[in-house]
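Student: The structure's right below; bear with me while I get my questions together.
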2 protein chains.
Amino acid sequence: MSELRKDPVIDRWVIIAKERGKRPSDFAGSQDAHVAAFCPFCPGNEDVVPPEVLAYRDPDSQPNGPGWRLRVVPNKFPALRDEGRITKHGECIYDKMSGIGIHEVIIETPDHGLSLATMEPRGVEDVVWAYRDRLTAIAKDGRFNSVIIFKNQGQAAGATLDHSHSQLIALPIIPSQLKDELIGARRYFDFKERCVYCDIVDQELRHQERLVGENQDFIAVCPYAPRFPFEVWIIPKNHGAVFQETSKFGLENFAMMLSETLKRLAEVLEDPPYNFVLHTAPLHQDVGRFYHWHLEIMPKLTRVAGFEWGSGFFINPTPPEEAAKYLREARIATEEEPSRSG
Amino acid sequence: MSELRKDPVIDRWVIIAKERGKRPSDFAGSQDAHVAAFCPFCPGNEDVVPPEVLAYRDPDSQPNGPGWRLRVVPNKFPALRDEGRITKHGECIYDKMSGIGIHEVIIETPDHGLSLATMEPRGVEDVVWAYRDRLTAIAKDGRFNSVIIFKNQGQAAGATLDHSHSQLIALPIIPSQLKDELIGARRYFDFKERCVYCDIVDQELRHQERLVGENQDFIAVCPYAPRFPFEVWIIPKNHGAVFQETSKFGLENFAMMLSETLKRLAEVLEDPPYNFVLHTAPLHQDVGRFYHWHLEIMPKLTRVAGFEWGSGFFINPTPPEEAAKYLREARIATEEEPSRSG
């Protein structure tokens, strides 16, 4: 059983794997680990992973068999397990919690050779629908306070399997970055009586210099103070704190903007490794007035991770205005006429 | 001129390099960059780097020539420059500051083949004395509010030069992690009227299970809620917020504990890449009652950096109790009888 532990000084929780801790020898050469030849996510290998919790599949196909466009399965080696109740304990000055949670894998396509950047926009739509379906289902479970949906693309970004997939982790706590966003957004709201993200959207649309793309419902933008070169955020134009409350039409436009943005990154940076994280409201909390969901894409271009880990302070060698210009001018094929020149 | 920019939601500043932004092609293959053959830090090459600001050298040697044991020089490609006054500006809803700062390199030894883990403890003493001397000097400059001293050891940890060195960055702001620590430590102090780090030292000495090493003035300990496998903190036993106020005898014991701990990590993990960051009080602020300086060592064993970047939430596959046991039992050569068995 894993354990959630809280740093005694900073409001930061970590998951400590207890079941089979990694020993020193387990780390040898892991930085250059090669991806295995056998793919547990390919059609025909469905029995290698735990039974699906969601699948978009042909009406006449069988669960946990071939015939699917997308599957969601529990992670075979979960960081947290969905077993039992959440219990909190003290350990003298320290705080811990049982490692209850959900850890799932969204297998985004049956085609081993495709990625979110190369698949049809229809495929990306399936992916964001799966995010919505799973978020909606998990939000009903009173034990969890937040859900993180994220993607590690490429080995340098932490992916251990090539086959295109994202992950979902439901947590009994709210991770520190989301908490910081909630605090900051609330403080801004208390002062201005406006959503800070709505103000960001307004300003970016007016100035254009950091804009990467735009459609009816979304902007893609290099944020004003990015931690990483070519970091891009996708932000809904209309206020909304809860991703899973996005309308069908909104989700379609989100999928289109995500697809387009990943194509731009792939074109400009030659298929970079990247992480993205969906930032959406915590469960069971009314943050609707001041929070605003969005997606943050972080290309992994440099071996940064130097003192940044320890200081929370980042040095970014590429101004977002320059990154945005490269991305905006990328020549990509989109379904409709791009909303901006290039 | 670089620029400091603040995230509009989170209280997080980043340095944006403006002088010559890195273009997409600059990142190609950078993950596997090889270290150059020519070493600008080796004796004889002193003229390749800017003139030294501090050196420990033979009395009859010349500044910026050979004959030194340790040199501190300005970074040739600084993230910030020590030119002019600090000016703050708004950019509609955004905040920025001129990129004034100090960025120095501590060349820890003239011997290209040595590391902090392999050099004589006397050499490590020079290094921590240099930290103290530079901190003391920079603290007199009213423009700066914090100094981060850190080390990137090994390419995977962000080092671009093999020759053993640390870095120092003086900032007009307080980085977010230090700010979080100050807030957390103050909150604990307000509640308990005790320093949280003093309580951590007490508890770790009593329980022993996370203890890695101990001498008269310091403990080395795997923290209760570590972000990374085999993370180790070195904490002074006696309360003190300001690193540069450590006594001569205290510094000697710090150097010994640092040397010993790095030897343990090198032995158990086969010379792992790592980062360390010195956490010391901000300048010109009285945090002496509740803050407590320490050093955090973070081995870089996994390609984590997945969703951790975006969530502030970490999954650690090695319980600190197990890591501490391995490190404690490592067979290393120390100058004096180790204080614990093994």
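Lettering and numbering for the structure tokens are positional, with chains as A, B, ... in the shown order, residues counted from 1 in each chain, and ligands counted from 1 in the shown order.
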With the cut-off set at 9 Å and counting only C-alpha atoms, tabulate each residue of stretch 9-124 of chain B with an atom at most that distance from an atom of stretch 164-172 of chain B, showing the nearest atom pair and its distance in Å to one decimal, ordered by chain and increasing number, as a Markdown table.
Tutor:
```
| residue | atom | partner | partner_atom | distance |
| --- | --- | --- | --- | --- |
| B:Phe41 | CA | B:Ser164 | CA | 8.7 |
| B:Asn75 | CA | B:Gln167 | CA | 8.4 |
| B:Ala79 | CA | B:Ile169 | CA | 8.5 |
| B:Leu80 | CA | B:Ile169 | CA | 8.2 |
| B:Ile86 | CA | B:Pro172 | CA | 7.7 |
| B:Met97 | CA | B:Pro172 | CA | 8.8 |
| B:Gly99 | CA | B:Pro172 | CA | 8.5 |
| B:Ile100 | CA | B:Pro172 | CA | 7.2 |
| B:Gly101 | CA | B:Leu171 | CA | 5.3 |
| B:Ile102 | CA | B:Ala170 | CA | 4.9 |
| B:His103 | CA | B:Ile169 | CA | 4.6 |
| B:Glu104 | CA | B:Leu168 | CA | 5.1 |
| B:Val105 | CA | B:Gln167 | CA | 4.5 |
| B:Ile106 | CA | B:Ser166 | CA | 5.0 |
| B:Ile107 | CA | B:His165 | CA | 4.6 |
| B:Glu108 | CA | B:His165 | CA | 5.1 |
| B:Thr109 | CA | B:Ser164 | CA | 6.8 |
| B:Pro110 | CA | B:Ser164 | CA | 8.9 |
| B:Asp111 | CA | B:Ser164 | CA | 8.5 |
| B:His112 | CA | B:Ser164 | CA | 7.1 |
| B:Gly113 | CA | B:Ser164 | CA | 8.3 |
| B:Leu114 | CA | B:Ser164 | CA | 6.9 |
| B:Ser115 | CA | B:Ser164 | CA | 5.5 |
| B:Leu116 | CA | B:Ser164 | CA | 7.2 |
```
Student: Would you save the residues of that selection, restricted to N, CA and C atoms, as a compact mmCIF listing (two decimals), in the first residue's frame?
Tutor:
```txt
# COMPACT_ATOMS: atom_id res chain seq x y z
N PHE B 41 37.70 25.86 -16.96
CA PHE B 41 37.91 25.97 -15.52
C PHE B 41 39.27 25.42 -15.07
N ASN B 75 29.72 34.27 -14.01
CA ASN B 75 29.32 33.38 -15.09
C ASN B 75 29.49 34.10 -16.42
N ALA B 79 22.59 34.46 -16.35
CA ALA B 79 21.14 34.57 -16.47
C ALA B 79 20.70 35.98 -16.11
N LEU B 80 21.46 36.65 -15.27
CA LEU B 80 21.16 38.02 -14.85
C LEU B 80 22.46 38.79 -14.85
N ILE B 86 17.38 48.37 -10.10
CA ILE B 86 16.25 47.49 -10.30
C ILE B 86 15.01 48.33 -10.54
N MET B 97 10.33 43.03 -13.97
CA MET B 97 11.38 43.70 -13.25
C MET B 97 12.64 43.58 -14.12
N GLY B 99 16.26 42.63 -15.19
CA GLY B 99 16.96 41.39 -14.81
C GLY B 99 18.29 41.66 -14.14
N ILE B 100 18.26 42.45 -13.07
CA ILE B 100 19.49 42.73 -12.33
C ILE B 100 19.75 41.59 -11.35
N GLY B 101 20.98 41.15 -11.32
CA GLY B 101 21.31 40.08 -10.41
C GLY B 101 22.79 39.74 -10.52
N ILE B 102 23.20 38.76 -9.79
CA ILE B 102 24.58 38.29 -9.84
C ILE B 102 24.54 36.81 -10.14
N HIS B 103 25.39 36.38 -11.03
CA HIS B 103 25.45 34.96 -11.39
C HIS B 103 26.92 34.56 -11.43
N GLU B 104 27.34 33.81 -10.45
CA GLU B 104 28.75 33.45 -10.32
C GLU B 104 28.95 31.94 -10.33
N VAL B 105 30.17 31.55 -10.65
CA VAL B 105 30.54 30.14 -10.66
C VAL B 105 31.63 29.91 -9.61
N ILE B 106 31.43 28.93 -8.76
CA ILE B 106 32.45 28.56 -7.79
C ILE B 106 33.21 27.36 -8.37
N ILE B 107 34.44 27.60 -8.83
CA ILE B 107 35.27 26.50 -9.37
C ILE B 107 35.92 25.84 -8.16
N GLU B 108 35.47 24.62 -7.87
CA GLU B 108 35.73 24.05 -6.54
C GLU B 108 37.12 23.49 -6.34
N THR B 109 37.80 23.21 -7.45
CA THR B 109 39.13 22.59 -7.36
C THR B 109 39.87 22.84 -8.67
N PRO B 110 41.20 22.93 -8.63
CA PRO B 110 41.95 23.02 -9.89
C PRO B 110 42.02 21.67 -10.61
N ASP B 111 41.75 20.58 -9.88
CA ASP B 111 41.93 19.23 -10.42
C ASP B 111 40.68 18.79 -11.19
N HIS B 112 40.82 18.69 -12.50
CA HIS B 112 39.69 18.37 -13.37
C HIS B 112 39.05 17.03 -13.02
N GLY B 113 39.83 16.13 -12.44
CA GLY B 113 39.33 14.78 -12.20
C GLY B 113 38.61 14.59 -10.88
N LEU B 114 38.62 15.61 -10.03
CA LEU B 114 38.01 15.45 -8.70
C LEU B 114 36.56 15.90 -8.67
N SER B 115 35.82 15.41 -7.69
CA SER B 115 34.46 15.88 -7.44
C SER B 115 34.34 16.14 -5.94
N LEU B 116 33.24 16.74 -5.53
CA LEU B 116 33.04 16.98 -4.10
C LEU B 116 33.05 15.66 -3.32
```
Student: Where in stretch 146-281 of chain A does DSSP assign alpha helix (DSSP H), given as a compact mmCIF listing (two decimals) with N, CA and C atoms, in the first residue's frame?
Tutor:
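Saved result, result.txt, follows:
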```
# COMPACT_ATOMS: atom_id res chain seq x y z
N SER A 176 -0.20 20.84 -4.75
CA SER A 176 0.21 22.19 -4.36
C SER A 176 0.07 23.21 -5.47
N GLN A 177 0.34 22.80 -6.71
CA GLN A 177 0.25 23.79 -7.79
C GLN A 177 -1.20 24.25 -7.98
N LEU A 178 -2.14 23.30 -7.93
CA LEU A 178 -3.55 23.67 -8.07
C LEU A 178 -3.98 24.56 -6.90
N LYS A 179 -3.50 24.20 -5.70
CA LYS A 179 -3.83 25.01 -4.54
C LYS A 179 -3.31 26.44 -4.70
N ASP A 180 -2.07 26.55 -5.18
CA ASP A 180 -1.51 27.88 -5.41
C ASP A 180 -2.33 28.67 -6.44
N GLU A 181 -2.78 27.97 -7.47
CA GLU A 181 -3.60 28.65 -8.48
C GLU A 181 -4.92 29.12 -7.88
N LEU A 182 -5.52 28.27 -7.06
CA LEU A 182 -6.79 28.65 -6.44
C LEU A 182 -6.61 29.87 -5.54
N ILE A 183 -5.51 29.86 -4.76
CA ILE A 183 -5.25 30.99 -3.86
C ILE A 183 -5.02 32.27 -4.67
N GLY A 184 -4.18 32.16 -5.71
CA GLY A 184 -3.88 33.34 -6.52
C GLY A 184 -5.10 33.87 -7.25
N ALA A 185 -5.89 32.95 -7.82
CA ALA A 185 -7.07 33.37 -8.57
C ALA A 185 -8.12 33.99 -7.64
N ARG A 186 -8.22 33.44 -6.45
CA ARG A 186 -9.19 33.97 -5.49
C ARG A 186 -8.77 35.37 -5.02
N ARG A 187 -7.46 35.54 -4.79
CA ARG A 187 -6.95 36.84 -4.34
C ARG A 187 -7.23 37.91 -5.42
N TYR A 188 -6.99 37.54 -6.66
CA TYR A 188 -7.25 38.46 -7.77
C TYR A 188 -8.74 38.79 -7.83
N PHE A 189 -9.57 37.76 -7.66
CA PHE A 189 -11.02 37.96 -7.72
C PHE A 189 -11.48 38.87 -6.59
N ASP A 190 -10.94 38.65 -5.39
CA ASP A 190 -11.33 39.47 -4.24
C ASP A 190 -10.99 40.94 -4.48
N PHE A 191 -9.90 41.16 -5.22
CA PHE A 191 -9.43 42.53 -5.45
C PHE A 191 -10.16 43.18 -6.63
N LYS A 192 -10.32 42.42 -7.70
CA LYS A 192 -10.83 42.98 -8.95
C LYS A 192 -12.28 42.61 -9.24
N VAL A 196 -9.00 36.12 -13.16
CA VAL A 196 -7.69 36.49 -13.70
C VAL A 196 -7.45 35.84 -15.06
N TYR A 197 -7.95 34.62 -15.24
CA TYR A 197 -7.74 33.95 -16.52
C TYR A 197 -8.55 34.63 -17.62
N CYS A 198 -9.75 35.12 -17.30
CA CYS A 198 -10.54 35.88 -18.28
C CYS A 198 -9.77 37.13 -18.69
N ASP A 199 -9.13 37.78 -17.71
CA ASP A 199 -8.33 38.97 -18.02
C ASP A 199 -7.12 38.61 -18.88
N ILE A 200 -6.53 37.44 -18.62
CA ILE A 200 -5.40 36.99 -19.45
C ILE A 200 -5.86 36.79 -20.89
N VAL A 201 -7.00 36.12 -21.06
CA VAL A 201 -7.53 35.89 -22.41
C VAL A 201 -7.75 37.23 -23.11
N ASP A 202 -8.38 38.17 -22.42
CA ASP A 202 -8.64 39.50 -23.01
C ASP A 202 -7.34 40.16 -23.46
N GLN A 203 -6.36 40.17 -22.54
CA GLN A 203 -5.13 40.87 -22.86
C GLN A 203 -4.38 40.20 -24.00
N GLU A 204 -4.34 38.87 -24.00
CA GLU A 204 -3.60 38.17 -25.04
C GLU A 204 -4.25 38.35 -26.41
N LEU A 205 -5.59 38.40 -26.42
CA LEU A 205 -6.28 38.61 -27.69
C LEU A 205 -6.04 40.03 -28.20
N ARG A 206 -5.93 40.97 -27.28
CA ARG A 206 -5.70 42.36 -27.69
C ARG A 206 -4.28 42.55 -28.20
N HIS A 207 -3.30 41.96 -27.51
CA HIS A 207 -1.89 42.21 -27.88
C HIS A 207 -1.37 41.29 -28.97
N LYS A 248 -20.58 19.97 -25.63
CA LYS A 248 -20.12 19.13 -26.73
C LYS A 248 -19.39 19.96 -27.78
N PHE A 249 -19.98 21.07 -28.14
CA PHE A 249 -19.38 21.94 -29.15
C PHE A 249 -18.05 22.50 -28.64
N GLY A 250 -18.04 22.85 -27.35
CA GLY A 250 -16.81 23.36 -26.75
C GLY A 250 -15.71 22.31 -26.78
N LEU A 251 -16.06 21.07 -26.45
CA LEU A 251 -15.07 19.99 -26.45
C LEU A 251 -14.50 19.78 -27.86
N GLU A 252 -15.37 19.87 -28.86
CA GLU A 252 -14.89 19.71 -30.24
C GLU A 252 -13.87 20.79 -30.57
N ASN A 253 -14.17 22.01 -30.15
CA ASN A 253 -13.23 23.10 -30.41
C ASN A 253 -11.95 22.97 -29.59
N PHE A 254 -12.09 22.40 -28.39
CA PHE A 254 -10.89 22.15 -27.57
C PHE A 254 -10.00 21.12 -28.26
N ALA A 255 -10.62 20.03 -28.74
CA ALA A 255 -9.86 18.98 -29.43
C ALA A 255 -9.15 19.57 -30.65
N MET A 256 -9.86 20.44 -31.36
CA MET A 256 -9.27 21.02 -32.56
C MET A 256 -8.07 21.91 -32.19
N MET A 257 -8.23 22.70 -31.14
CA MET A 257 -7.14 23.59 -30.72
C MET A 257 -5.95 22.78 -30.19
N LEU A 258 -6.24 21.69 -29.47
CA LEU A 258 -5.17 20.85 -28.96
C LEU A 258 -4.41 20.19 -30.11
N SER A 259 -5.17 19.62 -31.05
CA SER A 259 -4.56 18.98 -32.20
C SER A 259 -3.68 19.97 -32.96
N GLU A 260 -4.22 21.14 -33.23
CA GLU A 260 -3.51 22.16 -33.99
C GLU A 260 -2.23 22.60 -33.26
N THR A 261 -2.34 22.79 -31.94
CA THR A 261 -1.18 23.26 -31.17
C THR A 261 -0.08 22.21 -31.15
N LEU A 262 -0.47 20.94 -30.97
CA LEU A 262 0.54 19.88 -30.95
C LEU A 262 1.20 19.73 -32.32
N LYS A 263 0.42 19.94 -33.39
CA LYS A 263 1.02 19.91 -34.74
C LYS A 263 2.04 21.05 -34.89
N ARG A 264 1.70 22.21 -34.37
CA ARG A 264 2.64 23.34 -34.46
C ARG A 264 3.93 23.03 -33.69
N LEU A 265 3.79 22.49 -32.50
CA LEU A 265 4.99 22.14 -31.71
C LEU A 265 5.81 21.08 -32.44
N ALA A 266 5.11 20.08 -33.00
CA ALA A 266 5.82 19.00 -33.71
C ALA A 266 6.57 19.54 -34.91
N GLU A 267 5.95 20.49 -35.60
CA GLU A 267 6.56 21.07 -36.80
C GLU A 267 7.78 21.93 -36.44
N VAL A 268 7.62 22.80 -35.46
CA VAL A 268 8.69 23.75 -35.14
C VAL A 268 9.84 23.07 -34.39
N LEU A 269 9.52 22.12 -33.53
CA LEU A 269 10.54 21.54 -32.65
C LEU A 269 10.86 20.09 -32.99
```
Student: When you draw a straight line from atom CA of A:Arg71 to atom CA of A:Ala55, how long is it in Å?
Tutor: 4.3 Å
Student: As an exercise, work out the distance from atom CA of A:His284 to atom CA of A:Gly240 in Å and give it to one decimal place.
Tutor: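 One can read the atom CA of A:His284 to atom CA of A:Gly240 distance as 15.3 Å.
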Student: Among stretch 121-165 of chain B, which residues carry a DSSP assignment of strand (DSSP E), reported as a short mmCIF file (atom, residue, chain, number, x, y, z; two decimals) with N, CA and C atoms, in the first residue's frame?
Tutor:
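New file states_0.cif:
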```
data_model
loop_
_atom_site.label_atom_id
_atom_site.label_comp_id
_atom_site.auth_asym_id
_atom_site.auth_seq_id
_atom_site.Cartn_x
_atom_site.Cartn_y
_atom_site.Cartn_z
N SER B 146 17.62 37.78 -2.09
CA SER B 146 17.94 36.39 -1.78
C SER B 146 19.12 35.92 -2.62
N VAL B 147 19.79 34.92 -2.13
CA VAL B 147 20.90 34.30 -2.85
C VAL B 147 20.65 32.80 -2.87
N ILE B 148 20.68 32.23 -4.07
CA ILE B 148 20.56 30.78 -4.20
C ILE B 148 21.93 30.23 -4.56
N ILE B 149 22.42 29.30 -3.79
CA ILE B 149 23.66 28.60 -4.12
C ILE B 149 23.28 27.17 -4.43
N PHE B 150 23.74 26.69 -5.57
CA PHE B 150 23.30 25.35 -5.99
C PHE B 150 24.39 24.69 -6.81
N LYS B 151 24.22 23.39 -6.97
CA LYS B 151 25.18 22.61 -7.74
C LYS B 151 24.44 21.64 -8.64
N ASN B 152 24.87 21.59 -9.91
CA ASN B 152 24.37 20.58 -10.84
C ASN B 152 25.53 19.63 -11.11
N GLN B 153 25.44 18.42 -10.62
CA GLN B 153 26.52 17.45 -10.82
C GLN B 153 26.10 16.40 -11.84
N HIS B 165 32.04 22.25 -10.08
CA HIS B 165 31.73 23.65 -9.76
C HIS B 165 30.32 23.77 -9.19
#
```
Student: So how far away is atom CA of A:Arg227 from atom CA of A:Phe314, in Å?
Tutor: 5.5 Å
Student: If you count only C-alpha atoms, which residues fall within 6 Å of A:Ile297, apart from same-chain ones fewer than 3 positions away, as a count of residues only?
Tutor: 5
Student: With distances taken over only C-alpha atoms, which residue among A:Ala323, A:Ala330, A:Ile173, A:Met1 lies nearest A:Gly84?
Tutor: A:Met1
Student: Go through B:Thr136, B:Asn316, B:Ser247, B:Gln62 and flag the residue nearest chain A, using only C-alpha atoms for the distances.
Tutor: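 Ranked by minimum distance to chain A, first place goes to B:Asn316.
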Student: Which residue out of B:His279, B:Arg5, B:Arg210, B:His294 has the minimum interatomic distance to B:Lys237 when only C-alpha atoms are used?
Tutor: B:His294
